[in-house]
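Just below is one structure, and these are the notes that go with it.
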Amino acid sequence: MIKEQLREELKENRIHGSLMYPVSVYPMDDIEEETVLECHWHEEPELILVTKGRALFQIGTIPYEVHAGEAVFVNSGEIHTAYQMEHESCSFVATVFSMSLLNSAGYDMIQARFIDPLLRKQMVLPVHIRGQEVWEQEVLTLLNQIVDINKQQTVTCELTTKAYLYLIFAQMIEHMDTQVALIPAPSDKVQRLKTVLGHIHDNYQQPLRLRELAEQINMSEGHFCRFFKSLTQKSPIDYINRYRTQQACRLLESSDRKIVDISLEVGFDSLSYFISVFKQHRGSTPSQYRKQTNGVSNSFITELQKNSIE
C-alpha cells in the first residue's frame, strides 16, 4: 500500500484524448533545452518518435540514444525522461494512448492471449525501435502514419489509429524477448527516485535541504547526491531549481503578478538568484520571457508539469 502511494506522487494527471478516443499526439519541435523531457510517468503507454536530431532517453534506469527516424516505447507506469546530447536541438512527437482503446468488448482470444498479458506486464516488449530490421521499419511507418492522420483528422482517423496500434503491438509482441517470462518488478532505485521527486514536487515552495531529501529514502547526503545524479543526470539542487523555474513560467504566462512575488511563490528567497537561475534555464530573464509568451504557453514540458500532482 505504501509503495502504491509513493508511485502516485510523481504520476502525471493529464487526460490524454477523451473517454471516447483516449489518444493524444504531441509534437515538440526544435527543443534546445538541456532537459528535453522532464521525469514523469503515467498509466498510458507511449510511443515517442524522434523526427530531428537526437536525444538521450532514460526509461526506468536504462538510457537509450535515440536518433531521428527512431522511436522508443514507454510502457505503462514507466518513469521516463530525456536529455539533450552535445547541445544539439531535437524534435520529437509523442503518441500517448490508453490500453482501454484496444480492449475487446467481450473476453475473446485476443484479450486473453495479448491484451491482458500486456496490461499485467507479462510481456517484455522491445523499447528502442531503430529501423534496422524489417519489422522495425514497419512499426516506424505505422507510427508515422498515426501521427499524420491525427494531425490531419482524417474521416477514419480513430478507426485507422486503433488498427495501426494493433499492428504495432503485433510486431513488437512477435519480436519480444521470449527468454524473459515476466517483466521484473520496478527496481528499488526507481521507487526511491519516485519518492524523492514526489517530495520535491509537493514541497518546492518551501526550503528544501539535501539532508531532508536524503532522509526520504534513508541515505547519507553524499550517497543520495550520487544516486540522484546517476538517475536524472542532474544534481538535486539543479533539479529543484529547474522545477521551480517551470512553475514560475506557468505564473508568468497566466498572470500579471509581480516577478518578485512569483519568485517567492515558487520557493526562491532571493530575487537576484531567481533571475540568474531563470536565465540559465530559459535563456532570458523572467520579464523577457513574459513578453515573449504574452500570456500564452508554448511549452509542452510546462504543460506536463501543469497537469502533474501538486
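Ordering of the C-alpha cells sets the chain letters (A, B, ...); residue numbers start at 1 within each chain; ligands are numbered from 1 in the order shown.
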
Per-residue DSSP, segment 111-230 of chain A, filtered to alpha helix (DSSP H), as a ChimeraX atom specification: /A:116-119,134-152,157-174,188-203,210-216,221-230

| task | Using DSSP on the backbone, list every residue of segment 14-124 of chain A that comes out as strand (DSSP E), and give them as a ChimeraX atom specification. | result | /A:23-31,35-40,46-52,54-59,62-67,71-74,80-84,90-97

Practice task
Could you give me, as a PyMOL selection string, the residues within 7 Å of segment 277-285 of chain A, counting only C-alpha atoms and dropping anything in the same chain fewer than 6 positions from it?
Solution key: chain A and resi 241-242+245

Could the residues in this selection be written to a file with N, CA and C atoms, as a PDB file, in the first residue's frame?
```pdb
ATOM      1  N   ASN A 241      15.887  23.662  -8.833  1.00  0.00           N
ATOM      2  CA  ASN A 241      15.859  24.973  -9.482  1.00  0.00           C
ATOM      3  C   ASN A 241      15.122  24.917 -10.815  1.00  0.00           C
ATOM      4  N   ARG A 242      15.344  23.839 -11.561  1.00  0.00           N
ATOM      5  CA  ARG A 242      14.669  23.695 -12.848  1.00  0.00           C
ATOM      6  C   ARG A 242      13.161  23.547 -12.646  1.00  0.00           C
ATOM      7  N   THR A 245      11.679  26.827 -11.689  1.00  0.00           N
ATOM      8  CA  THR A 245      11.629  27.692 -12.857  1.00  0.00           C
ATOM      9  C   THR A 245      10.420  27.375 -13.725  1.00  0.00           C
TER      10      THR A 245
END
```

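Computed from the coordinates, the atom CA of Gln233 of chain A to atom CA of Val190 of chain A distance equals 14.0 Å.
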
message = Would you pick out the contacts of Met172 of chain A at 9 Å or less, using only C-alpha atoms, so that residues sharing its chain but fewer than 4 positions from it are not included, and give the list as a PyMOL selection string?
response = chain A and resi 125-126+135-136+139+167-168+176

Create the file for the chosen residues now, containing N, CA, C and O atoms and written as a PDB file, in the first residue's frame.
```
ATOM      1  N   LEU A 125       8.323  -6.141 -24.094  1.00  0.00           N
ATOM      2  CA  LEU A 125       8.301  -5.622 -25.459  1.00  0.00           C
ATOM      3  C   LEU A 125       9.580  -4.846 -25.759  1.00  0.00           C
ATOM      4  O   LEU A 125      10.202  -4.272 -24.860  1.00  0.00           O
ATOM      5  N   PRO A 126       9.980  -4.810 -27.023  1.00  0.00           N
ATOM      6  CA  PRO A 126      11.151  -4.010 -27.401  1.00  0.00           C
ATOM      7  C   PRO A 126      10.940  -2.548 -27.029  1.00  0.00           C
ATOM      8  O   PRO A 126       9.830  -2.031 -27.141  1.00  0.00           O
ATOM      9  N   TRP A 135      10.816  -5.547 -39.515  1.00  0.00           N
ATOM     10  CA  TRP A 135       9.661  -5.334 -38.640  1.00  0.00           C
ATOM     11  C   TRP A 135       9.729  -3.972 -37.949  1.00  0.00           C
ATOM     12  O   TRP A 135       8.692  -3.340 -37.736  1.00  0.00           O
ATOM     13  N   GLU A 136      10.955  -3.508 -37.641  1.00  0.00           N
ATOM     14  CA  GLU A 136      11.111  -2.188 -37.022  1.00  0.00           C
ATOM     15  C   GLU A 136      10.722  -1.092 -38.018  1.00  0.00           C
ATOM     16  O   GLU A 136      10.100  -0.091 -37.645  1.00  0.00           O
ATOM     17  N   VAL A 139       6.998  -0.871 -38.048  1.00  0.00           N
ATOM     18  CA  VAL A 139       6.492  -0.173 -36.862  1.00  0.00           C
ATOM     19  C   VAL A 139       6.651   1.334 -37.023  1.00  0.00           C
ATOM     20  O   VAL A 139       5.732   2.119 -36.735  1.00  0.00           O
ATOM     21  N   LEU A 167      -1.495  -3.360 -35.045  1.00  0.00           N
ATOM     22  CA  LEU A 167      -0.418  -3.860 -35.887  1.00  0.00           C
ATOM     23  C   LEU A 167       0.951  -3.605 -35.254  1.00  0.00           C
ATOM     24  O   LEU A 167       1.856  -4.447 -35.337  1.00  0.00           O
ATOM     25  N   ILE A 168       1.111  -2.448 -34.623  1.00  0.00           N
ATOM     26  CA  ILE A 168       2.381  -2.138 -33.946  1.00  0.00           C
ATOM     27  C   ILE A 168       2.634  -3.123 -32.816  1.00  0.00           C
ATOM     28  O   ILE A 168       3.729  -3.688 -32.677  1.00  0.00           O
ATOM     29  N   MET A 176       9.418  -9.799 -29.312  1.00  0.00           N
ATOM     30  CA  MET A 176       9.822  -9.516 -27.936  1.00  0.00           C
ATOM     31  C   MET A 176      10.827 -10.548 -27.457  1.00  0.00           C
ATOM     32  O   MET A 176      11.066 -11.568 -28.107  1.00  0.00           O
TER      33      MET A 176
END
```

Q | Coordinates-based distance that separates atom CA of Glu38 of chain A from atom CA of Gln246 of chain A (Å, one decimal) | A |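 Separation between atom CA of Gln246 of chain A and atom CA of Glu38 of chain A: 10.3 Å.
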
Practice item. Name all residues at most 10 Å from Lys151 of chain A (count only C-alpha atoms; drop same-chain ones fewer than 4 positions away) and give them as a PyMOL selection string. Key: chain A and resi 25-27+145-147+157

(request) Show which residues sit within 9 Å of Val36 of chain A, as a count of residues only. Count only C-alpha atoms, and ignore same-chain residues fewer than 4 positions away. (result) 12
